[in-house]
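Peer 1: File protein_22.pdb follows (PDB, C-alpha atoms and all ligand atoms):
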ATOM      1  CA  MET A1286    -203.081 -15.221 -27.929
ATOM      2  CA  THR A1287    -199.809 -17.101 -28.434
ATOM      3  CA  LYS A1288    -200.179 -20.621 -29.747
ATOM      4  CA  PRO A1289    -198.935 -23.220 -27.221
ATOM      5  CA  LEU A1290    -195.497 -24.663 -27.804
ATOM      6  CA  LEU A1291    -196.490 -28.088 -26.614
ATOM      7  CA  HIS A1292    -197.792 -29.621 -29.822
ATOM      8  CA  ALA A1293    -195.524 -32.630 -30.111
ATOM      9  CA  PRO A1294    -195.574 -36.303 -31.118
ATOM     10  CA  ALA A1295    -193.715 -37.179 -27.916
ATOM     11  CA  MET A1296    -192.119 -35.068 -25.207
ATOM     12  CA  ASP A1297    -190.546 -32.311 -27.255
ATOM     13  CA  LEU A1298    -189.184 -29.251 -25.529
ATOM     14  CA  ASN A1299    -187.910 -27.753 -28.758
ATOM     15  CA  SER A1300    -191.134 -27.731 -30.710
ATOM     16  CA  GLY A1301    -191.304 -23.944 -30.603
ATOM     17  CA  THR A1302    -187.940 -23.566 -32.281
ATOM     18  CA  LYS A1303    -186.929 -24.182 -35.878
ATOM     19  CA  ARG A1304    -184.884 -27.228 -34.887
ATOM     20  CA  ARG A1305    -187.485 -29.889 -34.038
ATOM     21  CA  LYS A1306    -186.156 -32.559 -31.773
ATOM     22  CA  THR A1307    -188.235 -35.396 -30.404
ATOM     23  CA  ILE A1308    -187.094 -37.409 -27.417
ATOM     24  CA  ARG A1309    -188.307 -40.993 -27.520
ATOM     25  CA  ILE A1310    -189.227 -42.641 -24.228
ATOM     26  CA  GLU A1311    -189.690 -46.380 -23.769
ATOM     27  CA  GLU A1312    -193.303 -47.322 -22.977
ATOM     28  CA  GLN A1313    -192.426 -48.724 -19.519
ATOM     29  CA  ASP A1314    -190.693 -45.464 -18.536
ATOM     30  CA  ILE A1315    -193.729 -43.281 -19.230
ATOM     31  CA  CYS A1316    -195.454 -41.882 -16.144
ATOM     32  CA  ILE A1317    -197.949 -39.489 -17.729
ATOM     33  CA  LYS A1318    -199.239 -39.817 -21.234
ATOM     34  CA  MET A1319    -201.393 -37.214 -22.951
ATOM     35  CA  ASP A1320    -203.142 -37.844 -26.227
ATOM     36  CA  LYS A1321    -204.993 -35.338 -28.400
ATOM     37  CA  LEU A1322    -205.539 -33.031 -25.460
ATOM     38  CA  ASN A1323    -207.636 -29.965 -26.247
ATOM     39  CA  PHE A1324    -208.705 -27.453 -23.645
ATOM     40  CA  PHE A1325    -211.199 -24.584 -23.791
ATOM     41  CA  TYR A1326    -212.168 -21.705 -21.500
ATOM     42  CA  GLY A1327    -215.663 -21.114 -22.879
ATOM     43  CA  ALA A1328    -215.242 -20.540 -26.621
ATOM     44  CA  SER A1329    -211.529 -19.868 -26.327
ATOM     45  CA  GLN A1330    -209.284 -22.841 -27.099
ATOM     46  CA  VAL A1331    -206.059 -22.689 -25.086
ATOM     47  CA  LEU A1332    -204.487 -26.132 -25.649
ATOM     48  CA  HIS A1333    -204.433 -27.702 -29.108
ATOM     49  CA  ASP A1334    -204.009 -31.426 -29.784
ATOM     50  CA  ILE A1335    -201.252 -32.052 -27.262
ATOM     51  CA  ASP A1336    -199.566 -35.446 -27.387
ATOM     52  CA  MET A1337    -196.953 -35.613 -24.673
ATOM     53  CA  ARG A1338    -195.119 -38.307 -22.731
ATOM     54  CA  ILE A1339    -193.624 -37.505 -19.339
ATOM     55  CA  PRO A1340    -191.041 -40.009 -18.073
ATOM     56  CA  ARG A1341    -191.064 -41.255 -14.483
ATOM     57  CA  LYS A1342    -188.270 -40.318 -12.052
ATOM     58  CA  LYS A1343    -186.998 -37.503 -14.248
ATOM     59  CA  VAL A1344    -187.426 -33.762 -14.050
ATOM     60  CA  THR A1345    -189.466 -32.463 -16.956
ATOM     61  CA  ALA A1346    -189.733 -28.746 -17.659
ATOM     62  CA  TYR A1347    -191.869 -27.014 -20.184
ATOM     63  CA  ILE A1348    -191.195 -23.520 -21.247
ATOM     64  CA  GLY A1349    -193.147 -20.953 -23.217
ATOM     65  CA  PRO A1350    -194.215 -17.318 -23.248
ATOM     66  CA  SER A1351    -196.702 -15.982 -20.721
ATOM     67  CA  GLY A1352    -200.246 -16.992 -21.613
ATOM     68  CA  CYS A1353    -199.323 -19.940 -23.869
ATOM     69  CA  GLY A1354    -201.069 -22.449 -21.580
ATOM     70  CA  LYS A1355    -198.383 -23.899 -19.282
ATOM     71  CA  SER A1356    -200.406 -23.521 -16.066
ATOM     72  CA  THR A1357    -203.572 -24.729 -17.772
ATOM     73  CA  LEU A1358    -201.784 -27.880 -18.896
ATOM     74  CA  LEU A1359    -200.381 -28.474 -15.389
ATOM     75  CA  ARG A1360    -203.845 -28.025 -13.869
ATOM     76  CA  CYS A1361    -205.227 -30.614 -16.288
ATOM     77  CA  ILE A1362    -202.948 -33.238 -14.697
ATOM     78  CA  ASN A1363    -204.586 -33.008 -11.271
ATOM     79  CA  ARG A1364    -207.986 -31.855 -12.507
ATOM     80  CA  MET A1365    -207.796 -28.441 -10.871
ATOM     81  CA  ASN A1366    -209.516 -27.078 -13.995
ATOM     82  CA  ASP A1367    -212.650 -29.011 -12.985
ATOM     83  CA  LEU A1368    -213.236 -26.086 -10.623
ATOM     84  CA  VAL A1369    -213.245 -23.484 -13.429
ATOM     85  CA  ASP A1370    -216.691 -22.555 -14.818
ATOM     86  CA  ASN A1371    -217.133 -23.140 -18.565
ATOM     87  CA  ALA A1372    -213.847 -25.022 -18.838
ATOM     88  CA  ARG A1373    -213.909 -28.054 -21.128
ATOM     89  CA  ILE A1374    -211.305 -30.683 -21.905
ATOM     90  CA  ASP A1375    -211.186 -33.418 -24.483
ATOM     91  CA  GLY A1376    -208.599 -36.013 -25.295
ATOM     92  CA  GLN A1377    -206.984 -38.199 -22.709
ATOM     93  CA  ILE A1378    -204.466 -38.130 -19.856
ATOM     94  CA  LEU A1379    -203.192 -41.434 -18.489
ATOM     95  CA  LEU A1380    -201.361 -41.593 -15.165
ATOM     96  CA  GLY A1381    -199.677 -44.965 -14.740
ATOM     97  CA  GLY A1382    -201.990 -46.254 -17.492
ATOM     98  CA  GLU A1383    -205.191 -45.003 -15.791
ATOM     99  CA  ASN A1384    -207.397 -42.378 -17.428
ATOM    100  CA  ILE A1385    -207.568 -39.582 -14.836
ATOM    101  CA  TYR A1386    -210.800 -38.245 -16.377
ATOM    102  CA  ASP A1387    -212.574 -41.587 -15.931
ATOM    103  CA  LYS A1388    -215.805 -41.338 -13.892
ATOM    104  CA  ALA A1389    -214.435 -43.920 -11.427
ATOM    105  CA  ILE A1390    -211.435 -41.751 -10.472
ATOM    106  CA  ASN A1391    -211.490 -40.266  -6.974
ATOM    107  CA  VAL A1392    -210.293 -36.714  -7.580
ATOM    108  CA  THR A1393    -209.063 -36.213  -4.003
ATOM    109  CA  ASP A1394    -206.858 -39.304  -4.317
ATOM    110  CA  LEU A1395    -205.594 -38.066  -7.672
ATOM    111  CA  ARG A1396    -204.609 -34.709  -6.125
ATOM    112  CA  ARG A1397    -202.764 -36.519  -3.344
ATOM    113  CA  ARG A1398    -200.659 -38.175  -6.038
ATOM    114  CA  VAL A1399    -200.291 -35.160  -8.317
ATOM    115  CA  GLY A1400    -199.279 -32.259  -6.101
ATOM    116  CA  MET A1401    -198.760 -28.739  -7.289
ATOM    117  CA  VAL A1402    -196.600 -25.840  -6.142
ATOM    118  CA  PHE A1403    -198.244 -22.609  -7.181
ATOM    119  CA  GLN A1404    -196.457 -19.665  -8.754
ATOM    120  CA  LYS A1405    -197.828 -17.411  -5.996
ATOM    121  CA  PRO A1406    -197.849 -18.872  -2.487
ATOM    122  CA  ASN A1407    -201.240 -18.719  -0.809
ATOM    123  CA  PRO A1408    -200.635 -19.710   2.816
ATOM    124  CA  PHE A1409    -203.417 -20.089   5.354
ATOM    125  CA  PRO A1410    -203.434 -17.376   8.038
ATOM    126  CA  LYS A1411    -201.527 -19.610  10.455
ATOM    127  CA  SER A1412    -197.897 -20.066  11.440
ATOM    128  CA  ILE A1413    -195.378 -21.499   8.945
ATOM    129  CA  TYR A1414    -195.291 -24.608  11.136
ATOM    130  CA  GLU A1415    -199.065 -25.072  10.894
ATOM    131  CA  ASN A1416    -199.101 -24.414   7.143
ATOM    132  CA  VAL A1417    -196.529 -27.153   6.582
ATOM    133  CA  ALA A1418    -198.233 -29.459   9.093
ATOM    134  CA  TYR A1419    -201.635 -29.015   7.452
ATOM    135  CA  GLY A1420    -201.231 -31.753   4.845
ATOM    136  CA  LEU A1421    -200.071 -34.256   7.442
ATOM    137  CA  ARG A1422    -202.808 -33.319   9.907
ATOM    138  CA  ILE A1423    -205.611 -33.859   7.370
ATOM    139  CA  GLN A1424    -204.112 -37.300   6.723
ATOM    140  CA  GLY A1425    -204.504 -38.028  10.458
ATOM    141  CA  VAL A1426    -200.891 -37.450  11.567
ATOM    142  CA  ASN A1427    -200.963 -35.565  14.881
ATOM    143  CA  ASP A1428    -197.983 -36.998  16.754
ATOM    144  CA  ARG A1429    -195.850 -34.016  17.766
ATOM    145  CA  LYS A1430    -192.491 -35.736  17.272
ATOM    146  CA  THR A1431    -193.418 -36.956  13.760
ATOM    147  CA  LEU A1432    -194.720 -33.512  12.851
ATOM    148  CA  ASP A1433    -191.618 -31.751  14.231
ATOM    149  CA  GLU A1434    -189.293 -34.065  12.305
ATOM    150  CA  SER A1435    -191.249 -33.861   9.049
ATOM    151  CA  ILE A1436    -191.476 -30.093   9.212
ATOM    152  CA  GLU A1437    -187.791 -29.736   9.988
ATOM    153  CA  ASN A1438    -186.963 -32.044   7.070
ATOM    154  CA  ALA A1439    -189.177 -29.966   4.779
ATOM    155  CA  LEU A1440    -187.890 -26.552   5.833
ATOM    156  CA  GLU A1441    -184.197 -27.118   6.447
ATOM    157  CA  PRO A1442    -183.251 -27.875   2.810
ATOM    158  CA  VAL A1443    -184.857 -24.602   1.689
ATOM    159  CA  GLY A1444    -183.022 -22.597   4.338
ATOM    160  CA  GLN A1445    -185.968 -21.786   6.632
TER     161      GLN A1445
HETATM  162  N1  LIG B   1    -209.847 -19.164 -15.609
HETATM  163  C1  LIG B   1    -209.640 -18.718 -16.853
HETATM  164  N2  LIG B   1    -210.674 -18.310 -17.622
HETATM  165  C2  LIG B   1    -210.475 -17.857 -18.887
HETATM  166  N3  LIG B   1    -209.279 -17.789 -19.492
HETATM  167  C3  LIG B   1    -208.211 -18.176 -18.773
HETATM  168  C4  LIG B   1    -208.322 -18.663 -17.422
HETATM  169  N4  LIG B   1    -207.080 -18.972 -16.967
HETATM  170  C5  LIG B   1    -206.236 -18.715 -17.985
HETATM  171  N5  LIG B   1    -206.907 -18.223 -19.061
HETATM  172  C6  LIG B   1    -206.329 -17.828 -20.352
HETATM  173  O1  LIG B   1    -205.761 -19.006 -20.931
HETATM  174  C7  LIG B   1    -204.527 -18.724 -21.582
HETATM  175  C8  LIG B   1    -203.419 -19.593 -20.980
HETATM  176  O2  LIG B   1    -203.199 -19.180 -19.624
HETATM  177  P1  LIG B   1    -202.164 -19.905 -18.679
HETATM  178  O3  LIG B   1    -202.409 -21.372 -18.731
HETATM  179  O4  LIG B   1    -202.289 -19.239 -17.350
HETATM  180  O5  LIG B   1    -200.779 -19.551 -19.374
HETATM  181  P2  LIG B   1    -199.268 -19.606 -18.800
HETATM  182  O6  LIG B   1    -199.271 -20.381 -17.524
HETATM  183  O7  LIG B   1    -198.474 -20.255 -19.897
HETATM  184  O8  LIG B   1    -198.861 -18.178 -18.606
HETATM  185  C9  LIG B   1    -204.296 -17.212 -21.408
HETATM  186  O9  LIG B   1    -204.782 -16.581 -22.574
HETATM  187  C10 LIG B   1    -205.153 -16.865 -20.209
HETATM  188  O10 LIG B   1    -205.597 -15.534 -20.272
HETATM  189 MG    MG B   2    -198.576 -19.868 -15.554
END
For this file, produce the structure as structure tokens.
Ligand SMILES: Nc1ncnc2c1ncn2[C@@H]1O[C@H](COP(=O)(O)OP(=O)(O)O)[C@@H](O)[C@H]1O
Ligand SMILES: [Mg+2]
Peer 2:
Amino acid sequence: MTKPLLHAPAMDLNSGTKRRKTIRIEEQDICIKMDKLNFFYGASQVLHDIDMRIPRKKVTAYIGPSGCGKSTLLRCINRMNDLVDNARIDGQILLGGENIYDKAINVTDLRRRVGMVFQKPNPFPKSIYENVAYGLRIQGVNDRKTLDESIENALEPVGQ
């Protein structure tokens, strides 16, 4: 298994290359902060001591070979890995200063705040309209005009 490229004292997209470059982010500009994050599928450790700062209102990308742990790390941020048998995490992830693994955290609320677009789409067997409307409907939005406008706004920019 390839060792993850995300072992870094701060956000560091070059840690897998010879030239190590660390980008410093001011404390108040940090949105997500990971400290000493380790992740295991059963006996297999996939993430090793990750310290990473993700700034707010910026696009952050992380890059690495297939199987290095990118998706696992993403799923840690909205606790999707809670659903995987034998998965174990230690270390800490703070979102806006709050520990997302704290017992008091409502995981559904967390996943409303930390959305995820999957590599492979997995639509429900409904129309495109109803798939896009689904999120709004479960939040209690059923007004046709609001739905029509929101769906148009979501689909038009991606050429649908
Ligand atoms: N549910 C799982 N159970 C056991 N091992 C897994 C599971 N999901 C991913 N892995 C393993 O964890 C490692 C990292 O996978 P992943 O996070 O999907 O990598 P990436 O997204 O960088 O391709 C791989 O070795 C993969 O086989
Ligand atoms: Mg992946």
Peer 1: Evaluate the PyMOL selection byres (((chain A and resi 1400) around 12) and not hetatm) on the structure here and hand back the selected residues as a count of residues only.
Peer 2: 19
Peer 1: Considering all atoms listed in the file, give me a table of residues in chain A that are at most 6 Å from ligand LIG 1 (chain B), with the closest atom pair and distance in Å for each, as a tab-separated table.
Peer 2:
residue	atom	partner	partner_atom	distance
A:Met1286	CA	B:LIG1	O9	5.8
A:Tyr1326	CA	B:LIG1	C2	4.9
A:Val1331	CA	B:LIG1	C7	5.5
A:Ser1351	CA	B:LIG1	O8	3.7
A:Gly1352	CA	B:LIG1	O5	3.4
A:Cys1353	CA	B:LIG1	O7	4.1
A:Gly1354	CA	B:LIG1	O3	3.3
A:Lys1355	CA	B:LIG1	O7	3.7
A:Ser1356	CA	B:LIG1	O6	3.6
A:Thr1357	CA	B:LIG1	O3	3.7
A:Val1369	CA	B:LIG1	N1	5.9
Peer 1: Using all atoms listed in the file, can you tell me which of A:Gly1376, A:Pro1410, A:Gly1381, A:Gly1425 comes closest to Pro1340 (chain A)?
Peer 2: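 So, comparing all the options, the nearest one is A:Gly1381.
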Peer 1: Within 8 Å of Leu1332 (chain A), counting only C-alpha atoms, which residues show up once you throw out same-chain ones fewer than 3 positions away? Write them as a PyMOL selection string, please.
Peer 2: chain A and resi 1289+1322-1325+1335+1354+1358
Peer 1: Interatomic distance between CA of Thr1345 (chain A) and CA of Thr1307 (chain A)?
Peer 2: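 CA of Thr1307 (chain A) lies at a distance of 13.8 Å from CA of Thr1345 (chain A).
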Peer 1: Can you save region 1338-1353 of chain A of the given block to a file, including all heavy atoms and formatted as an mmCIF file, in the first residue's frame?
Peer 2:
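Written output follows (selection-v8.cif):
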data_model
loop_
_atom_site.group_PDB
_atom_site.id
_atom_site.type_symbol
_atom_site.label_atom_id
_atom_site.label_comp_id
_atom_site.auth_asym_id
_atom_site.auth_seq_id
_atom_site.Cartn_x
_atom_site.Cartn_y
_atom_site.Cartn_z
ATOM 1 N N ARG A 1338 -4.331 21.830 8.043
ATOM 2 C CA ARG A 1338 -5.206 22.990 8.228
ATOM 3 C C ARG A 1338 -5.838 23.318 6.884
ATOM 4 O O ARG A 1338 -5.128 23.474 5.889
ATOM 5 C CB ARG A 1338 -4.421 24.216 8.706
ATOM 6 C CG ARG A 1338 -4.224 24.288 10.205
ATOM 7 C CD ARG A 1338 -3.099 23.428 10.642
ATOM 8 N NE ARG A 1338 -2.887 23.398 12.067
ATOM 9 C CZ ARG A 1338 -3.070 22.307 12.828
ATOM 10 N NH1 ARG A 1338 -3.571 21.189 12.313
ATOM 11 N NH2 ARG A 1338 -2.753 22.317 14.098
ATOM 12 N N ILE A 1339 -7.163 23.451 6.874
ATOM 13 C CA ILE A 1339 -7.851 23.799 5.634
ATOM 14 C C ILE A 1339 -8.466 25.187 5.804
ATOM 15 O O ILE A 1339 -9.271 25.403 6.720
ATOM 16 C CB ILE A 1339 -8.933 22.752 5.299
ATOM 17 C CG1 ILE A 1339 -8.244 21.390 5.102
ATOM 18 C CG2 ILE A 1339 -9.722 23.158 4.052
ATOM 19 C CD1 ILE A 1339 -9.163 20.260 4.778
ATOM 20 N N PRO A 1340 -8.052 26.142 4.968
ATOM 21 C CA PRO A 1340 -8.548 27.515 5.135
ATOM 22 C C PRO A 1340 -9.998 27.661 4.689
ATOM 23 O O PRO A 1340 -10.455 26.928 3.809
ATOM 24 C CB PRO A 1340 -7.629 28.337 4.235
ATOM 25 C CG PRO A 1340 -7.092 27.388 3.239
ATOM 26 C CD PRO A 1340 -7.106 26.022 3.853
ATOM 27 N N ARG A 1341 -10.715 28.611 5.296
ATOM 28 C CA ARG A 1341 -12.092 28.862 4.873
ATOM 29 C C ARG A 1341 -12.113 29.704 3.586
ATOM 30 O O ARG A 1341 -11.160 30.430 3.303
ATOM 31 C CB ARG A 1341 -12.904 29.525 5.996
ATOM 32 C CG ARG A 1341 -12.522 30.944 6.348
ATOM 33 C CD ARG A 1341 -13.377 31.480 7.480
ATOM 34 N NE ARG A 1341 -12.912 30.977 8.765
ATOM 35 C CZ ARG A 1341 -13.594 30.107 9.527
ATOM 36 N NH1 ARG A 1341 -14.764 29.673 9.166
ATOM 37 N NH2 ARG A 1341 -13.086 29.695 10.666
ATOM 38 N N LYS A 1342 -13.177 29.546 2.822
ATOM 39 C CA LYS A 1342 -13.414 30.311 1.595
ATOM 40 C C LYS A 1342 -12.281 30.214 0.577
ATOM 41 O O LYS A 1342 -11.963 31.181 -0.114
ATOM 42 C CB LYS A 1342 -13.714 31.768 1.940
ATOM 43 C CG LYS A 1342 -14.989 31.897 2.745
ATOM 44 C CD LYS A 1342 -15.439 33.300 2.914
ATOM 45 C CE LYS A 1342 -16.749 33.316 3.671
ATOM 46 N NZ LYS A 1342 -17.185 34.595 4.095
ATOM 47 N N LYS A 1343 -11.631 29.064 0.561
ATOM 48 C CA LYS A 1343 -10.614 28.800 -0.463
ATOM 49 C C LYS A 1343 -10.893 27.400 -1.003
ATOM 50 O O LYS A 1343 -11.557 26.597 -0.347
ATOM 51 C CB LYS A 1343 -9.211 28.776 0.166
ATOM 52 C CG LYS A 1343 -8.778 30.083 0.771
ATOM 53 C CD LYS A 1343 -7.897 30.831 -0.202
ATOM 54 C CE LYS A 1343 -7.214 32.010 0.425
ATOM 55 N NZ LYS A 1343 -7.990 33.251 0.334
ATOM 56 N N VAL A 1344 -10.383 27.138 -2.184
ATOM 57 C CA VAL A 1344 -10.487 25.772 -2.706
ATOM 58 C C VAL A 1344 -9.209 25.043 -2.312
ATOM 59 O O VAL A 1344 -8.114 25.525 -2.569
ATOM 60 C CB VAL A 1344 -10.645 25.780 -4.242
ATOM 61 C CG1 VAL A 1344 -10.630 24.361 -4.789
ATOM 62 C CG2 VAL A 1344 -11.933 26.489 -4.636
ATOM 63 N N THR A 1345 -9.376 23.920 -1.659
ATOM 64 C CA THR A 1345 -8.218 23.107 -1.278
ATOM 65 C C THR A 1345 -8.308 21.784 -2.023
ATOM 66 O O THR A 1345 -9.360 21.162 -2.051
ATOM 67 C CB THR A 1345 -8.241 22.846 0.245
ATOM 68 O OG1 THR A 1345 -8.131 24.085 0.919
ATOM 69 C CG2 THR A 1345 -7.085 21.943 0.670
ATOM 70 N N ALA A 1346 -7.212 21.388 -2.640
ATOM 71 C CA ALA A 1346 -7.193 20.092 -3.338
ATOM 72 C C ALA A 1346 -6.130 19.227 -2.701
ATOM 73 O O ALA A 1346 -5.093 19.737 -2.288
ATOM 74 C CB ALA A 1346 -6.870 20.314 -4.809
ATOM 75 N N TYR A 1347 -6.382 17.955 -2.582
ATOM 76 C CA TYR A 1347 -5.261 17.089 -2.247
ATOM 77 C C TYR A 1347 -5.186 15.956 -3.254
ATOM 78 O O TYR A 1347 -6.184 15.469 -3.753
ATOM 79 C CB TYR A 1347 -5.209 16.668 -0.792
ATOM 80 C CG TYR A 1347 -6.422 16.017 -0.190
ATOM 81 C CD1 TYR A 1347 -6.558 14.643 -0.224
ATOM 82 C CD2 TYR A 1347 -7.391 16.778 0.449
ATOM 83 C CE1 TYR A 1347 -7.640 14.024 0.365
ATOM 84 C CE2 TYR A 1347 -8.481 16.161 1.018
ATOM 85 C CZ TYR A 1347 -8.600 14.799 0.980
ATOM 86 O OH TYR A 1347 -9.677 14.191 1.549
ATOM 87 N N ILE A 1348 -3.946 15.655 -3.536
ATOM 88 C CA ILE A 1348 -3.634 14.818 -4.694
ATOM 89 C C ILE A 1348 -2.728 13.679 -4.241
ATOM 90 O O ILE A 1348 -1.830 13.881 -3.427
ATOM 91 C CB ILE A 1348 -2.878 15.684 -5.743
ATOM 92 C CG1 ILE A 1348 -3.783 16.818 -6.221
ATOM 93 C CG2 ILE A 1348 -2.393 14.850 -6.918
ATOM 94 C CD1 ILE A 1348 -3.052 17.894 -7.000
ATOM 95 N N GLY A 1349 -2.966 12.501 -4.770
ATOM 96 C CA GLY A 1349 -2.070 11.386 -4.452
ATOM 97 C C GLY A 1349 -2.483 10.178 -5.262
ATOM 98 O O GLY A 1349 -3.571 10.143 -5.822
ATOM 99 N N PRO A 1350 -1.621 9.168 -5.317
ATOM 100 C CA PRO A 1350 -1.937 7.985 -6.116
ATOM 101 C C PRO A 1350 -3.155 7.239 -5.589
ATOM 102 O O PRO A 1350 -3.525 7.384 -4.422
ATOM 103 C CB PRO A 1350 -0.675 7.118 -6.004
ATOM 104 C CG PRO A 1350 0.116 7.680 -4.897
ATOM 105 C CD PRO A 1350 -0.322 9.080 -4.649
ATOM 106 N N SER A 1351 -3.758 6.454 -6.451
ATOM 107 C CA SER A 1351 -4.928 5.661 -6.074
ATOM 108 C C SER A 1351 -4.587 4.789 -4.859
ATOM 109 O O SER A 1351 -3.535 4.165 -4.799
ATOM 110 C CB SER A 1351 -5.309 4.792 -7.274
ATOM 111 O OG SER A 1351 -6.412 4.008 -6.923
ATOM 112 N N GLY A 1352 -5.470 4.810 -3.886
ATOM 113 C CA GLY A 1352 -5.299 3.957 -2.707
ATOM 114 C C GLY A 1352 -4.499 4.597 -1.590
ATOM 115 O O GLY A 1352 -4.254 3.970 -0.555
ATOM 116 N N CYS A 1353 -4.073 5.863 -1.736
ATOM 117 C CA CYS A 1353 -3.236 6.474 -0.696
ATOM 118 C C CYS A 1353 -4.062 7.004 0.475
ATOM 119 O O CYS A 1353 -3.514 7.384 1.499
ATOM 120 C CB CYS A 1353 -2.321 7.558 -1.260
ATOM 121 S SG CYS A 1353 -3.164 9.104 -1.604
#
